[in-house]
Structure formats: structure tokens, C-alpha cells
$ cat model.txt   # compact mmCIF, C-alpha atoms and all ligand atoms
# COMPACT_ATOMS: atom_id res chain seq x y z
CA MET Z 1 0.00 0.00 0.00
CA SER Z 2 1.17 3.50 -0.76
CA ALA Z 3 2.04 5.98 1.95
CA ARG Z 4 -1.05 7.99 1.03
CA ARG Z 5 -4.16 7.23 2.95
CA GLN Z 6 -6.56 4.86 1.23
CA ARG Z 7 -9.60 6.92 0.32
CA VAL Z 8 -13.05 5.37 0.58
CA ILE Z 9 -15.44 7.14 -1.81
CA VAL Z 10 -19.10 6.21 -2.04
CA HIS Z 11 -21.48 7.11 -4.85
CA VAL Z 12 -25.19 6.82 -4.09
CA ASP Z 13 -27.69 6.84 -6.94
CA MET Z 14 -31.42 6.46 -6.37
CA ASP Z 15 -33.13 3.91 -8.63
CA ALA Z 16 -35.45 5.46 -11.24
CA PHE Z 17 -35.96 8.24 -8.72
CA TYR Z 18 -38.94 10.25 -10.02
CA ALA Z 19 -40.80 7.14 -11.17
CA SER Z 20 -40.11 5.30 -7.91
CA VAL Z 21 -41.47 8.23 -5.91
CA GLU Z 22 -44.70 8.18 -7.91
CA GLN Z 23 -45.01 4.40 -7.53
CA ARG Z 24 -44.39 4.68 -3.81
CA ASP Z 25 -47.12 7.28 -3.41
CA ASP Z 26 -49.67 5.57 -5.62
CA PRO Z 27 -49.74 1.80 -5.13
CA SER Z 28 -51.84 1.39 -8.29
CA LEU Z 29 -48.68 2.28 -10.27
CA VAL Z 30 -46.54 -0.45 -8.73
CA GLY Z 31 -45.39 -3.02 -11.27
CA LYS Z 32 -46.52 -0.89 -14.20
CA PRO Z 33 -44.52 1.04 -16.79
CA VAL Z 34 -44.45 4.64 -15.58
CA ILE Z 35 -42.82 7.49 -17.47
CA ILE Z 36 -42.19 10.86 -15.88
CA GLY Z 37 -41.85 13.74 -18.28
CA GLY Z 38 -43.51 16.41 -20.33
CA ARG Z 39 -46.50 15.45 -22.43
CA GLU Z 40 -46.31 18.55 -24.60
CA ARG Z 41 -45.29 18.22 -28.22
CA ARG Z 42 -41.55 18.37 -27.63
CA GLY Z 43 -41.58 16.79 -24.18
CA VAL Z 44 -38.81 14.42 -23.13
CA VAL Z 45 -38.57 11.53 -20.71
CA CYS Z 46 -37.12 12.52 -17.34
CA THR Z 47 -37.29 9.06 -15.80
CA ALA Z 48 -38.71 5.71 -16.85
CA SER Z 49 -39.65 3.07 -14.30
CA TYR Z 50 -37.90 -0.28 -14.55
CA GLU Z 51 -41.08 -1.75 -16.02
CA ALA Z 52 -40.83 0.68 -18.97
CA ARG Z 53 -37.17 0.08 -19.71
CA PRO Z 54 -37.48 -3.34 -21.39
CA PHE Z 55 -39.51 -1.53 -24.09
CA GLY Z 56 -36.45 0.57 -24.86
CA VAL Z 57 -37.67 3.66 -23.02
CA HIS Z 58 -34.94 5.68 -21.37
CA SER Z 59 -34.38 9.18 -20.03
CA ALA Z 60 -33.78 12.10 -22.43
CA MET Z 61 -35.77 10.28 -25.14
CA PRO Z 62 -38.52 12.29 -26.86
CA MET Z 63 -41.83 11.49 -25.19
CA SER Z 64 -43.49 10.78 -28.54
CA ARG Z 65 -40.97 8.04 -29.19
CA ALA Z 66 -41.33 6.67 -25.66
CA THR Z 67 -45.09 6.38 -25.91
CA SER Z 68 -44.92 4.69 -29.29
CA LEU Z 69 -42.45 2.13 -27.89
CA CYS Z 70 -44.61 1.56 -24.82
CA PRO Z 71 -48.18 2.73 -25.51
CA GLN Z 72 -49.52 1.27 -22.26
CA ALA Z 73 -47.15 3.41 -20.17
CA ILE Z 74 -48.64 5.76 -17.61
CA VAL Z 75 -47.20 9.21 -18.26
CA LEU Z 76 -47.02 11.67 -15.38
CA PRO Z 77 -45.69 15.22 -15.23
CA PRO Z 78 -42.68 15.72 -12.94
CA ARG Z 79 -43.35 17.23 -9.50
CA LEU Z 80 -39.95 18.81 -9.06
CA ASP Z 81 -40.66 20.64 -5.81
CA TYR Z 82 -41.83 17.44 -4.23
CA TYR Z 83 -38.84 15.46 -5.51
CA GLY Z 84 -36.65 18.22 -4.10
CA GLU Z 85 -38.18 17.69 -0.70
CA ILE Z 86 -37.50 13.96 -0.84
CA SER Z 87 -34.02 14.73 -2.08
CA SER Z 88 -33.31 16.68 1.09
CA GLN Z 89 -34.50 13.70 3.14
CA ILE Z 90 -31.98 11.59 1.23
CA MET Z 91 -29.17 14.12 1.69
CA ASP Z 92 -30.03 14.33 5.41
CA ALA Z 93 -29.70 10.55 5.58
CA LEU Z 94 -26.31 10.70 3.85
CA HIS Z 95 -25.11 13.41 6.21
CA THR Z 96 -25.50 11.02 9.12
CA PHE Z 97 -22.63 9.03 7.60
CA SER Z 98 -20.18 11.76 6.68
CA PRO Z 99 -19.92 15.54 6.71
CA LEU Z 100 -18.37 15.25 3.24
CA VAL Z 101 -21.42 14.82 1.03
CA GLU Z 102 -21.38 16.26 -2.49
CA PRO Z 103 -24.79 16.20 -4.18
CA LEU Z 104 -24.59 15.83 -7.97
CA SER Z 105 -28.30 16.12 -8.59
CA LEU Z 106 -31.53 15.52 -6.69
CA ASP Z 107 -30.90 11.80 -6.54
CA GLU Z 108 -27.15 11.33 -6.63
CA ALA Z 109 -24.28 12.15 -4.32
CA PHE Z 110 -20.72 11.33 -3.43
CA LEU Z 111 -19.62 10.70 0.14
CA ASP Z 112 -16.09 10.59 1.42
CA MET Z 113 -16.10 7.79 4.00
CA THR Z 114 -12.34 7.61 4.45
CA GLY Z 115 -11.55 6.34 7.92
CA ALA Z 116 -15.17 5.42 8.62
CA GLU Z 117 -14.48 1.66 8.78
CA ARG Z 118 -13.93 2.00 12.52
CA ILE Z 119 -17.50 3.18 12.93
CA PHE Z 120 -19.38 1.46 10.13
CA GLY Z 121 -17.31 -1.59 9.24
CA ALA Z 122 -16.08 -2.81 5.85
CA PRO Z 123 -17.08 -0.96 2.68
CA ASP Z 124 -19.91 -3.35 1.81
CA ALA Z 125 -21.33 -2.96 5.32
CA ILE Z 126 -21.14 0.82 4.89
CA ALA Z 127 -23.06 0.54 1.62
CA GLN Z 128 -25.77 -1.61 3.21
CA ALA Z 129 -26.11 0.79 6.13
CA ILE Z 130 -26.52 3.74 3.76
CA LYS Z 131 -29.15 1.92 1.72
CA GLU Z 132 -31.06 0.95 4.85
CA GLU Z 133 -30.98 4.47 6.22
CA ILE Z 134 -32.37 5.84 2.95
CA ARG Z 135 -35.00 3.12 2.77
CA GLU Z 136 -36.08 3.67 6.33
CA ARG Z 137 -36.52 7.39 5.77
CA THR Z 138 -37.99 7.39 2.28
CA ARG Z 139 -39.10 3.83 1.43
CA LEU Z 140 -37.03 4.12 -1.76
CA SER Z 141 -34.12 2.07 -3.03
CA ALA Z 142 -30.68 3.23 -4.05
CA SER Z 143 -27.69 1.66 -5.73
CA VAL Z 144 -24.30 2.24 -4.20
CA GLY Z 145 -20.79 2.11 -5.61
CA ILE Z 146 -17.66 2.12 -3.46
CA ALA Z 147 -14.11 2.59 -4.64
CA LYS Z 148 -10.95 4.55 -4.03
CA ASN Z 149 -12.03 7.56 -6.09
CA LYS Z 150 -15.01 9.39 -7.56
CA PHE Z 151 -14.75 8.10 -11.10
CA LEU Z 152 -14.68 4.48 -9.99
CA ALA Z 153 -17.40 4.89 -7.37
CA LYS Z 154 -19.78 6.42 -9.90
CA LEU Z 155 -18.97 3.77 -12.42
CA ALA Z 156 -19.56 1.09 -9.77
CA SER Z 157 -22.99 2.31 -8.65
CA ASP Z 158 -24.24 1.81 -12.19
CA LEU Z 159 -23.07 -1.79 -12.52
CA ASP Z 160 -25.73 -3.47 -10.39
CA LYS Z 161 -28.97 -1.50 -10.62
CA PRO Z 162 -31.51 -1.42 -9.09
CA ASP Z 163 -30.91 -1.87 -5.36
CA GLY Z 164 -27.31 -3.01 -5.83
CA VAL Z 165 -23.97 -2.62 -4.13
CA THR Z 166 -20.73 -2.76 -6.08
CA TRP Z 167 -17.39 -2.43 -4.35
CA ILE Z 168 -14.35 -2.19 -6.57
CA PRO Z 169 -11.69 -3.88 -4.44
CA PHE Z 170 -8.78 -1.68 -3.43
CA GLY Z 171 -5.68 -2.54 -5.41
CA ASP Z 172 -7.52 -4.43 -8.17
CA GLU Z 173 -9.09 -1.41 -9.82
CA ARG Z 174 -7.26 -1.57 -13.14
CA ALA Z 175 -8.05 -5.22 -13.71
CA PHE Z 176 -11.66 -4.64 -12.68
CA ILE Z 177 -12.33 -1.88 -15.19
CA ALA Z 178 -10.12 -3.06 -18.06
CA PRO Z 179 -12.81 -5.17 -19.81
CA LEU Z 180 -15.50 -2.48 -19.59
CA PRO Z 181 -16.52 -0.61 -22.75
CA LEU Z 182 -15.05 2.80 -23.46
CA ARG Z 183 -18.28 4.70 -22.98
CA LYS Z 184 -18.00 3.98 -19.26
CA LEU Z 185 -15.10 6.44 -19.15
CA TRP Z 186 -16.21 9.79 -17.85
CA GLY Z 187 -16.03 12.25 -20.75
CA VAL Z 188 -16.35 9.83 -23.64
CA GLY Z 189 -19.43 10.92 -25.54
CA PRO Z 190 -20.69 9.42 -28.78
CA LYS Z 191 -18.25 11.49 -30.89
CA THR Z 192 -15.09 10.65 -28.99
CA GLY Z 193 -16.34 7.08 -28.72
CA GLU Z 194 -16.62 6.73 -32.47
CA ARG Z 195 -13.25 8.28 -33.01
CA LEU Z 196 -11.60 5.93 -30.55
CA ALA Z 197 -13.43 2.96 -32.05
CA ARG Z 198 -12.03 3.86 -35.48
CA LEU Z 199 -8.57 3.78 -33.93
CA GLY Z 200 -9.27 0.26 -32.73
CA PHE Z 201 -9.98 0.99 -29.08
CA ARG Z 202 -12.82 -1.04 -27.57
CA THR Z 203 -12.29 -1.25 -23.84
CA ILE Z 204 -11.03 0.85 -20.97
CA GLY Z 205 -8.03 -1.50 -20.81
CA ASP Z 206 -7.15 -0.57 -24.41
CA ILE Z 207 -6.87 3.09 -23.40
CA ALA Z 208 -4.93 2.27 -20.25
CA ALA Z 209 -2.35 0.48 -22.36
CA ALA Z 210 -2.30 2.96 -25.26
CA ASP Z 211 0.71 5.01 -26.23
CA LEU Z 212 0.18 8.41 -24.63
CA ALA Z 213 1.85 10.40 -27.44
CA MET Z 214 -0.49 8.80 -29.96
CA LEU Z 215 -3.54 9.56 -27.79
CA ILE Z 216 -2.43 13.18 -27.46
CA GLU Z 217 -2.07 13.43 -31.20
CA GLN Z 218 -5.61 12.14 -31.66
CA LEU Z 219 -7.47 13.82 -28.83
CA GLY Z 220 -5.39 16.77 -27.76
CA GLU Z 221 -3.29 16.93 -24.64
CA GLY Z 222 -6.04 17.69 -22.11
CA GLN Z 223 -8.49 14.98 -23.03
CA ALA Z 224 -5.80 12.39 -23.74
CA ARG Z 225 -4.27 12.75 -20.31
CA HIS Z 226 -7.70 12.87 -18.64
CA LEU Z 227 -8.98 9.68 -20.27
CA ARG Z 228 -5.73 7.87 -19.80
CA ALA Z 229 -5.66 8.70 -16.08
CA LEU Z 230 -9.24 7.47 -15.65
CA ALA Z 231 -8.50 4.31 -17.66
CA GLN Z 232 -5.62 3.68 -15.29
CA ALA Z 233 -8.08 4.10 -12.40
CA GLU Z 234 -6.55 7.40 -11.29
CA ASP Z 235 -8.77 10.29 -10.19
CA ASP Z 236 -7.68 12.64 -7.43
CA ARG Z 237 -10.67 14.94 -7.31
CA PRO Z 238 -11.86 15.48 -3.74
CA VAL Z 239 -15.45 15.15 -2.59
CA GLU Z 240 -16.56 18.76 -2.26
CA PRO Z 241 -19.45 19.30 0.10
CA GLY Z 242 -22.03 21.90 -0.93
CA ARG Z 243 -22.41 25.16 0.88
CA GLU Z 244 -22.50 25.16 4.64
CA ARG Z 245 -25.54 23.49 6.13
CA LYS Z 246 -28.13 25.77 7.61
CA SER Z 247 -30.02 23.01 9.35
CA VAL Z 248 -29.74 19.36 10.27
CA GLY Z 249 -32.94 17.46 9.82
CA SER Z 250 -34.49 14.04 9.85
CA GLU Z 251 -37.91 13.16 8.58
CA VAL Z 252 -39.73 10.02 7.67
CA THR Z 253 -42.50 9.34 5.19
CA LEU Z 254 -44.75 6.70 6.70
CA SER Z 255 -46.24 3.71 5.00
CA ASP Z 256 -49.32 3.92 7.25
CA ASP Z 257 -50.91 7.19 8.27
CA LEU Z 258 -50.52 8.30 11.86
CA ARG Z 259 -53.16 9.97 13.96
CA GLY Z 260 -53.14 11.36 17.47
CA LEU Z 261 -50.40 12.21 19.95
CA ASP Z 262 -49.78 8.59 20.97
CA GLN Z 263 -48.85 7.66 17.42
CA VAL Z 264 -46.98 10.79 16.42
CA LEU Z 265 -44.88 11.26 19.54
CA PRO Z 266 -42.68 8.14 19.28
CA VAL Z 267 -41.94 8.89 15.62
CA LEU Z 268 -41.04 12.46 16.46
CA ARG Z 269 -38.81 11.28 19.28
CA ARG Z 270 -36.93 9.03 16.88
CA GLN Z 271 -36.40 11.94 14.48
CA CYS Z 272 -35.06 14.06 17.36
CA GLU Z 273 -32.65 11.27 18.27
CA ARG Z 274 -31.39 11.18 14.72
CA VAL Z 275 -30.96 14.93 14.55
CA ALA Z 276 -29.10 14.92 17.86
CA GLU Z 277 -26.84 12.09 16.74
CA HIS Z 278 -26.08 13.89 13.53
CA LEU Z 279 -25.35 17.17 15.32
CA ARG Z 280 -22.90 15.43 17.62
CA ARG Z 281 -21.19 13.65 14.78
CA ALA Z 282 -20.77 16.95 12.96
CA GLY Z 283 -19.65 18.80 16.11
CA LEU Z 284 -22.61 21.19 15.89
CA LEU Z 285 -25.11 22.66 18.32
CA ALA Z 286 -28.58 23.83 17.33
CA ARG Z 287 -30.09 26.99 18.72
CA GLY Z 288 -33.51 26.34 17.25
CA LEU Z 289 -35.78 23.42 16.52
CA ARG Z 290 -38.36 22.93 13.81
CA VAL Z 291 -41.11 20.34 13.59
CA LYS Z 292 -42.74 19.42 10.30
CA LEU Z 293 -45.87 17.42 9.59
CA ARG Z 294 -47.44 16.57 6.28
CA TYR Z 295 -51.11 15.68 6.31
CA THR Z 296 -52.39 12.97 4.04
CA VAL Z 297 -55.41 14.94 2.92
CA GLY Z 298 -54.43 17.57 0.37
CA PHE Z 299 -50.73 16.90 1.03
CA ARG Z 300 -50.71 19.90 3.36
CA LEU Z 301 -47.40 20.72 4.99
CA VAL Z 302 -47.13 22.56 8.30
CA THR Z 303 -44.04 23.58 10.23
CA ARG Z 304 -43.55 25.12 13.65
CA GLN Z 305 -40.31 26.32 15.12
CA ARG Z 306 -38.87 27.80 18.26
CA ALA Z 307 -35.60 28.76 19.86
CA LEU Z 308 -34.04 26.36 22.35
CA ALA Z 309 -33.25 27.49 25.88
CA HIS Z 310 -29.59 26.55 25.31
CA PRO Z 311 -27.72 25.49 22.19
CA ALA Z 312 -28.12 21.70 22.22
CA ASP Z 313 -27.01 18.49 20.57
CA ASP Z 314 -28.82 16.01 22.83
CA SER Z 315 -32.09 14.30 21.98
CA ALA Z 316 -33.74 15.14 25.31
CA SER Z 317 -33.45 18.92 24.76
CA LEU Z 318 -34.57 18.66 21.16
CA PHE Z 319 -37.46 16.38 21.98
CA ALA Z 320 -38.67 18.61 24.82
CA ALA Z 321 -38.94 21.51 22.36
CA ALA Z 322 -40.47 19.32 19.67
CA ARG Z 323 -43.11 18.09 22.05
CA GLU Z 324 -44.13 21.63 22.92
CA LEU Z 325 -44.37 22.55 19.26
CA LEU Z 326 -46.49 19.52 18.57
CA ALA Z 327 -49.05 20.75 21.09
CA SER Z 328 -49.93 23.60 18.72
CA LEU Z 329 -50.57 21.31 15.74
CA PRO Z 330 -53.76 19.44 14.90
CA LEU Z 331 -53.18 15.70 15.32
CA HIS Z 332 -56.61 14.27 14.66
CA GLU Z 333 -56.15 14.28 10.86
CA PRO Z 334 -54.14 11.49 9.20
CA ILE Z 335 -50.44 12.34 8.98
CA ARG Z 336 -48.00 10.89 6.46
CA LEU Z 337 -44.72 12.62 7.25
CA VAL Z 338 -43.06 13.57 10.51
CA GLY Z 339 -39.84 15.53 10.68
CA ALA Z 340 -37.60 17.48 13.02
CA ALA Z 341 -34.69 19.77 12.24
CA GLY Z 342 -32.17 21.69 14.28
CA PHE Z 343 -31.33 25.11 12.82
CA ASP Z 344 -29.33 28.22 13.65
CA LEU Z 345 -26.29 26.00 14.00
CA GLU Z 346 -23.06 26.75 15.75
CA GLN Z 347 -19.80 24.87 16.00
CA ARG Z 348 -19.24 23.14 19.31
CA ARG Z 349 -16.21 24.90 20.79
CA ALA Z 350 -13.03 22.96 21.41
CA SER Z 351 -13.33 23.70 25.13
CA GLU Z 352 -16.61 21.83 25.04
CA GLN Z 353 -14.99 18.73 23.57
CA LEU Z 354 -14.72 17.40 27.06
CA ASP Z 355 -13.17 14.25 28.30
CA LEU Z 356 -16.40 12.32 27.83
CA PHE Z 357 -16.17 9.93 30.71
CA GLY Z 358 -14.82 12.46 33.20
CA ALA Z 359 -17.30 15.14 32.21
CA PRO Z 360 -20.19 16.31 34.34
CA PRO Z 361 -23.25 14.13 33.74
CA THR Z 362 -25.29 16.42 31.51
CA ARG Z 363 -27.60 14.85 28.99
CA SER Z 364 -25.34 16.03 26.15
CA ASN Z 365 -22.26 14.44 27.72
CA LEU Z 366 -24.13 11.24 28.36
CA GLU Z 367 -25.18 11.00 24.72
CA HIS Z 368 -21.66 11.83 23.55
CA ALA Z 369 -20.40 8.99 25.73
CA VAL Z 370 -22.96 6.62 24.23
CA ASP Z 371 -21.83 7.67 20.73
CA ALA Z 372 -18.27 6.80 21.68
CA ILE Z 373 -19.29 3.42 23.07
CA ARG Z 374 -21.38 2.68 19.98
CA ALA Z 375 -18.42 3.58 17.80
CA ARG Z 376 -16.34 1.00 19.64
CA PHE Z 377 -18.82 -1.75 20.31
CA GLY Z 378 -21.45 -1.36 17.63
CA ASP Z 379 -25.05 -0.31 17.65
CA LYS Z 380 -26.37 -2.97 20.04
CA ILE Z 381 -26.27 -0.61 22.98
CA GLY Z 382 -29.27 1.58 23.65
CA PHE Z 383 -30.50 3.81 26.40
CA GLY Z 384 -33.82 5.33 27.23
CA ASP Z 385 -35.27 7.61 29.78
MG MG B 1 -30.67 7.81 -10.27

$ encode --input "model.txt" --output "C-alpha cells"
Amino acid sequence: MSARRQRVIVHVDMDAFYASVEQRDDPSLVGKPVIIGGRERRGVVCTASYEARPFGVHSAMPMSRATSLCPQAIVLPPRLDYYGEISSQIMDALHTFSPLVEPLSLDEAFLDMTGAERIFGAPDAIAQAIKEEIRERTRLSASVGIAKNKFLAKLASDLDKPDGVTWIPFGDERAFIAPLPLRKLWGVGPKTGERLARLGFRTIGDIAAADLAMLIEQLGEGQARHLRALAQAEDDRPVEPGRERKSVGSEVTLSDDLRGLDQVLPVLRRQCERVAEHLRRAGLLARGLRVKLRYTVGFRLVTRQRALAHPADDSASLFAAARELLASLPLHEPIRLVGAAGFDLEQRRASEQLDLFGAPPTRSNLEHAVDAIRARFGDKIGFGD
């Protein structure tokens, strides 16, 4: 192994995202070909469900072509605001694994999980945990790729869709990708692909082994070096998290409606626990708390928020505030989504990074200590109050 630290990069890609959301929300669509996109004359396919794909329907195809290939398909207009909301649930889930999350689109992101094996286990266990977290929060499936860099991780997530995990073993990258077709190289479009095919290149391995001077002559210096580096499994680009987070949230879309305080409270408590855990992992304190409910009827969304008495990262403080906020919300109507978020965030000061086990027994210190124990001994340990 080289002296440089082995990076662990994860690429998460939701499966047929828009279509899966619509199928989740309307059970009558499950198992049927569903196409999301514009119906107008020049409309294109945004997403096709897996049932539509065997007919040759794929994204970016003109809708007229898609519907002639698959006339029985159910065509729905995209609900981008709604998908955006679910996307933030997904990104929230990813942020519980690493502060280094780089969203690529509503349904795709990179995570840098370097060093996380101590907490989450081997790369394939990390991938499973991420998928489960997303599924628990959204009831949607994702495919995950893991490798030593971004190019390979993104390539990997696409190899076993839907609901797959592909880990490109560290050290064997070049052999793993060598037989794959050229179009899997990032930056090879149809034009470059044709050009390379005319030169006799078929696979990624062909490019990896090609004479660099000849490639430069054909493609120009920039692209030649870029493709050759990728073909040799080299890609040093860092995972670049988006702008600073303004809030840390957790919400869950329920498979059965909830009604009444007795049903809502435990779900809200769980969301507060997640938010608290996430705050602690990120070294953040929240000065405010927000509660969010979506009602089943009319899809109505309501939020309530308040300042906390003290900046907090423990579930007890967050839940106490959440519980008060809940008192001002109607709970007799059916509810399909429950969420909590900490906002107005501040960095926990170094002086507050106390010696956990010698620290005064505040709720925050107790929960920090439990985090540390969980990190060492796994998730079996729990505590209540
Ligand atoms: Mg996707």
C-alpha cells in the first residue's frame, strides 16, 4: 500500500428516482410502466420506471418516441418541488454518515467515508447501512458504488442497478475496469467514442495500455491525459461538500398514516434522536428546533419552530422543544410525514470537547459517551429515559 491514505469514496444513486417516488405514493402504479416527463409536443422523458425500460424507453428520449415504444405506459408530469423535498431527506440521511457529502443532482451524491471503517465496518457494510438508512426514511431504493475515487465509485454504482452494491476492491481497480466498454469512461461521448473505435480501441483497458503520445495526437493533450488517467483508475478529485448546512434534519414518510399524539410522539422522538446524533457527529449545536408534519389529505405541509433554551445536541433537549411545538398542531387528521430539524447552527467549541467519561453528567455528555461506546462496540447498545 502507498504511503497515502486509502480513500473510501461512495457514490449513491437512487433507482429510477422520479418514477419510484410516484409508484411509492400511488400503489396502483406499482409493477406498471411509468414514465415521468412532459407530455407537450416536444416533451422528453425525465425518468422511466424499470417496467418501462425493457420496451427501450430511457431518459432524455422524446416522449413521442417513448409512448410509441410503450403505448400502455402511464405518463405523469414531474413534480420537481416534491422530488426536491424527498431529495433533502436523502441528503439528510447521507449526512449522518459523513460531513463530506457532495450532491450531484436531486438523486445522486458522493460521500467521502475515508476512515469510517472504525464506525461502520467494511465498505460493503457501509453501503448496506446507507441503503437501509435511505429506505427507512424514504421507502425508496438506491444503488451504491464504493471505490478509491469518484470516477470508480460512480462507475460502480451503475453496474448493479436497481438496489445493488458494487465495491471495486482496493488494489484491483485496473483489472476490474479493463474489460469495460469505453463509454464507461467519464467524458467519452458518442463522438469521442466513435473516433476511438475507429482507432481500434474497444475497452477501458485498451486506453490504459495505449501510447500516450499517440492519444495526445488524436485527442489533444487535455483529453488524452484525462482519459488515460481514468482508464488507469486514477482520479484525485476530492469530494466537495455543498455550501455550509443551515439546518440538520431528519424526517420520515410513513407507510401507514398516523393519527393522534400517541402515534406521532414516538416517531417524532426518533427523528429528534437522529438529529441529535447527527449534530454530535458533525460537532454542531442547534439553537432552534423545527417540527414538520405533512397531512395525508391535500398533502398539506405545516411547520412550527422555536428557539431552544440553550444550544443543544442532545435528543432530550430537542425532543422537549419538539413536544411543545407539537401541542400547537392538529393531530386528529391522518399524517404521512413527521420531521424534526435543528437550525441556527453553531460549532461546538473545542473547550466543550470534554473528556467524555470524566465530564459532568449532563444529557449532552451522556449522549456523547454513548456515541463513543457505539463507535467501539457497535449499535447494540441503547438507552432510554
Ligand atoms: Mg438515479

$ residues_near_ligand --input "model.txt" --ligand "ligand MG 1 (chain B)" --cutoff "7 Å" --atoms "all atoms listed in the file" --output "JSON list (two decimals) with C-alpha atoms, keeping the file's coordinate frame"
[["chain", "number", "residue", "atom", "x", "y", "z"],
["Z", 13, "ASP", "CA", -27.69, 6.84, -6.94],
["Z", 14, "MET", "CA", -31.42, 6.46, -6.37],
["Z", 15, "ASP", "CA", -33.13, 3.91, -8.63],
["Z", 16, "ALA", "CA", -35.45, 5.46, -11.24],
["Z", 17, "PHE", "CA", -35.96, 8.24, -8.72],
["Z", 107, "ASP", "CA", -30.90, 11.80, -6.54],
["Z", 108, "GLU", "CA", -27.15, 11.33, -6.63]]

$ closest_residue --input "model.txt" --among "Z:Gly187, Z:Pro169, Z:Gly298, Z:Gly145" --to "Gln223 of chain Z" --atoms "only C-alpha atoms"
Z:Gly187

$ residues_around --input "model.txt" --residues "Ala156 of chain Z" --least-positions-apart "4" --cutoff "10 Å" --atoms "all atoms listed in the file" --output "ChimeraX atom specification"
/Z:10-12,143-147,150-152,160-161,164-168,177

$ write_last_selection --input "model.txt" --atoms "C-alpha atoms" --output "short mmCIF file (atom, residue, chain, number, x, y, z; two decimals), keeping the file's coordinate frame"
data_model
loop_
_atom_site.label_atom_id
_atom_site.label_comp_id
_atom_site.auth_asym_id
_atom_site.auth_seq_id
_atom_site.Cartn_x
_atom_site.Cartn_y
_atom_site.Cartn_z
CA VAL Z 10 -19.10 6.21 -2.04
CA HIS Z 11 -21.48 7.11 -4.85
CA VAL Z 12 -25.19 6.82 -4.09
CA SER Z 143 -27.69 1.66 -5.73
CA VAL Z 144 -24.30 2.24 -4.20
CA GLY Z 145 -20.79 2.11 -5.61
CA ILE Z 146 -17.66 2.12 -3.46
CA ALA Z 147 -14.11 2.59 -4.64
CA LYS Z 150 -15.01 9.39 -7.56
CA PHE Z 151 -14.75 8.10 -11.10
CA LEU Z 152 -14.68 4.48 -9.99
CA ASP Z 160 -25.73 -3.47 -10.39
CA LYS Z 161 -28.97 -1.50 -10.62
CA GLY Z 164 -27.31 -3.01 -5.83
CA VAL Z 165 -23.97 -2.62 -4.13
CA THR Z 166 -20.73 -2.76 -6.08
CA TRP Z 167 -17.39 -2.43 -4.35
CA ILE Z 168 -14.35 -2.19 -6.57
CA ILE Z 177 -12.33 -1.88 -15.19
#

$ atom_distance --input "model.txt" --atom1 "atom CA of Leu29 of chain Z" --atom2 "atom CA of Gly43 of chain Z"
21.3 Å

$ closest_residue --input "model.txt" --among "Z:Lys32, Z:Arg39, Z:Arg195, Z:Arg174" --to "Leu219 of chain Z" --atoms "only C-alpha atoms"
Z:Arg195

$ atom_distance --input "model.txt" --atom1 "atom CA of Pro266 of chain Z" --atom2 "atom CA of Leu140 of chain Z"
22.2 Å

$ atom_distance --input "model.txt" --atom1 "atom CA of Ala340 of chain Z" --atom2 "atom CA of Ala116 of chain Z"
25.8 Å

$ closest_residue --input "model.txt" --among "Z:Pro33, Z:Gly220, Z:Gly242, Z:Pro330" --to "Leu100 of chain Z" --atoms "only C-alpha atoms"
Z:Gly242

$ closest_residue --input "model.txt" --among "Z:Asp235, Z:Glu367, Z:Asp313, Z:Asp206" --to "Gln347 of chain Z" --atoms "all atoms listed in the file"
Z:Asp313

$ residues_near_point --input "model.txt" --point "(-43.9, 21.8, 6.8)" --cutoff "7 Å" --atoms "only C-alpha atoms" --output "VMD selection string"
chain Z and resid 292 to 294 301 to 303

$ write_last_selection --input "model.txt" --atoms "C-alpha atoms" --output "JSON list (two decimals), in the frame of the given file"
[["chain", "number", "residue", "atom", "x", "y", "z"],
["Z", 292, "LYS", "CA", -42.74, 19.42, 10.30],
["Z", 293, "LEU", "CA", -45.87, 17.42, 9.59],
["Z", 294, "ARG", "CA", -47.44, 16.57, 6.28],
["Z", 301, "LEU", "CA", -47.40, 20.72, 4.99],
["Z", 302, "VAL", "CA", -47.13, 22.56, 8.30],
["Z", 303, "THR", "CA", -44.04, 23.58, 10.23]]

$ residues_near_point --input "model.txt" --point "(-15.1, 17.0, -3.4)" --cutoff "9 Å" --atoms "all atoms listed in the file" --output "list of chain:residue names"
Z:Leu100, Z:Val101, Z:Glu102, Z:Phe110, Z:Leu111, Z:Asp112, Z:Lys150, Z:Arg237, Z:Pro238, Z:Val239, Z:Glu240, Z:Pro241, Z:Gly242

$ residues_around --input "model.txt" --residues "Glu346 of chain Z" --least-positions-apart "2" --cutoff "8 Å" --atoms "only C-alpha atoms" --output "PyMOL selection string"
chain Z and resi 284-287+344+348

$ closest_residue --input "model.txt" --among "Z:Lys154, Z:Arg42, Z:Arg137, Z:Lys131" --to "Ser250 of chain Z" --atoms "all atoms listed in the file"
Z:Arg137

$ closest_residue --input "model.txt" --among "Z:Gln72, Z:Thr114, Z:Gln271, Z:Gln6" --to "Phe319 of chain Z" --atoms "all atoms listed in the file"
Z:Gln271

$ residues_around --input "model.txt" --residues "Gly205 of chain Z" --least-positions-apart "5" --cutoff "12 Å" --atoms "all atoms listed in the file" --output "short mmCIF file (atom, residue, chain, number, x, y, z; two decimals) with C-alpha atoms, in the frame of the given file"
data_model
loop_
_atom_site.label_atom_id
_atom_site.label_comp_id
_atom_site.auth_asym_id
_atom_site.auth_seq_id
_atom_site.Cartn_x
_atom_site.Cartn_y
_atom_site.Cartn_z
CA GLU Z 173 -9.09 -1.41 -9.82
CA ARG Z 174 -7.26 -1.57 -13.14
CA ALA Z 175 -8.05 -5.22 -13.71
CA PHE Z 176 -11.66 -4.64 -12.68
CA ILE Z 177 -12.33 -1.88 -15.19
CA ALA Z 178 -10.12 -3.06 -18.06
CA PRO Z 179 -12.81 -5.17 -19.81
CA LEU Z 180 -15.50 -2.48 -19.59
CA PRO Z 181 -16.52 -0.61 -22.75
CA LEU Z 182 -15.05 2.80 -23.46
CA LYS Z 184 -18.00 3.98 -19.26
CA LEU Z 185 -15.10 6.44 -19.15
CA ALA Z 210 -2.30 2.96 -25.26
CA LEU Z 227 -8.98 9.68 -20.27
CA ARG Z 228 -5.73 7.87 -19.80
CA ALA Z 229 -5.66 8.70 -16.08
CA LEU Z 230 -9.24 7.47 -15.65
CA ALA Z 231 -8.50 4.31 -17.66
CA GLN Z 232 -5.62 3.68 -15.29
CA ALA Z 233 -8.08 4.10 -12.40
#

$ axis_aligned_box --input "model.txt" --around "segment 18-36 of chain Z" --padding-each-side "8 Å" --output "lines of an AutoDock Vina configuration file"
center_x = -45.4
center_y = 3.9
center_z = -10.4
size_x = 28.9
size_y = 29.9
size_z = 30.1
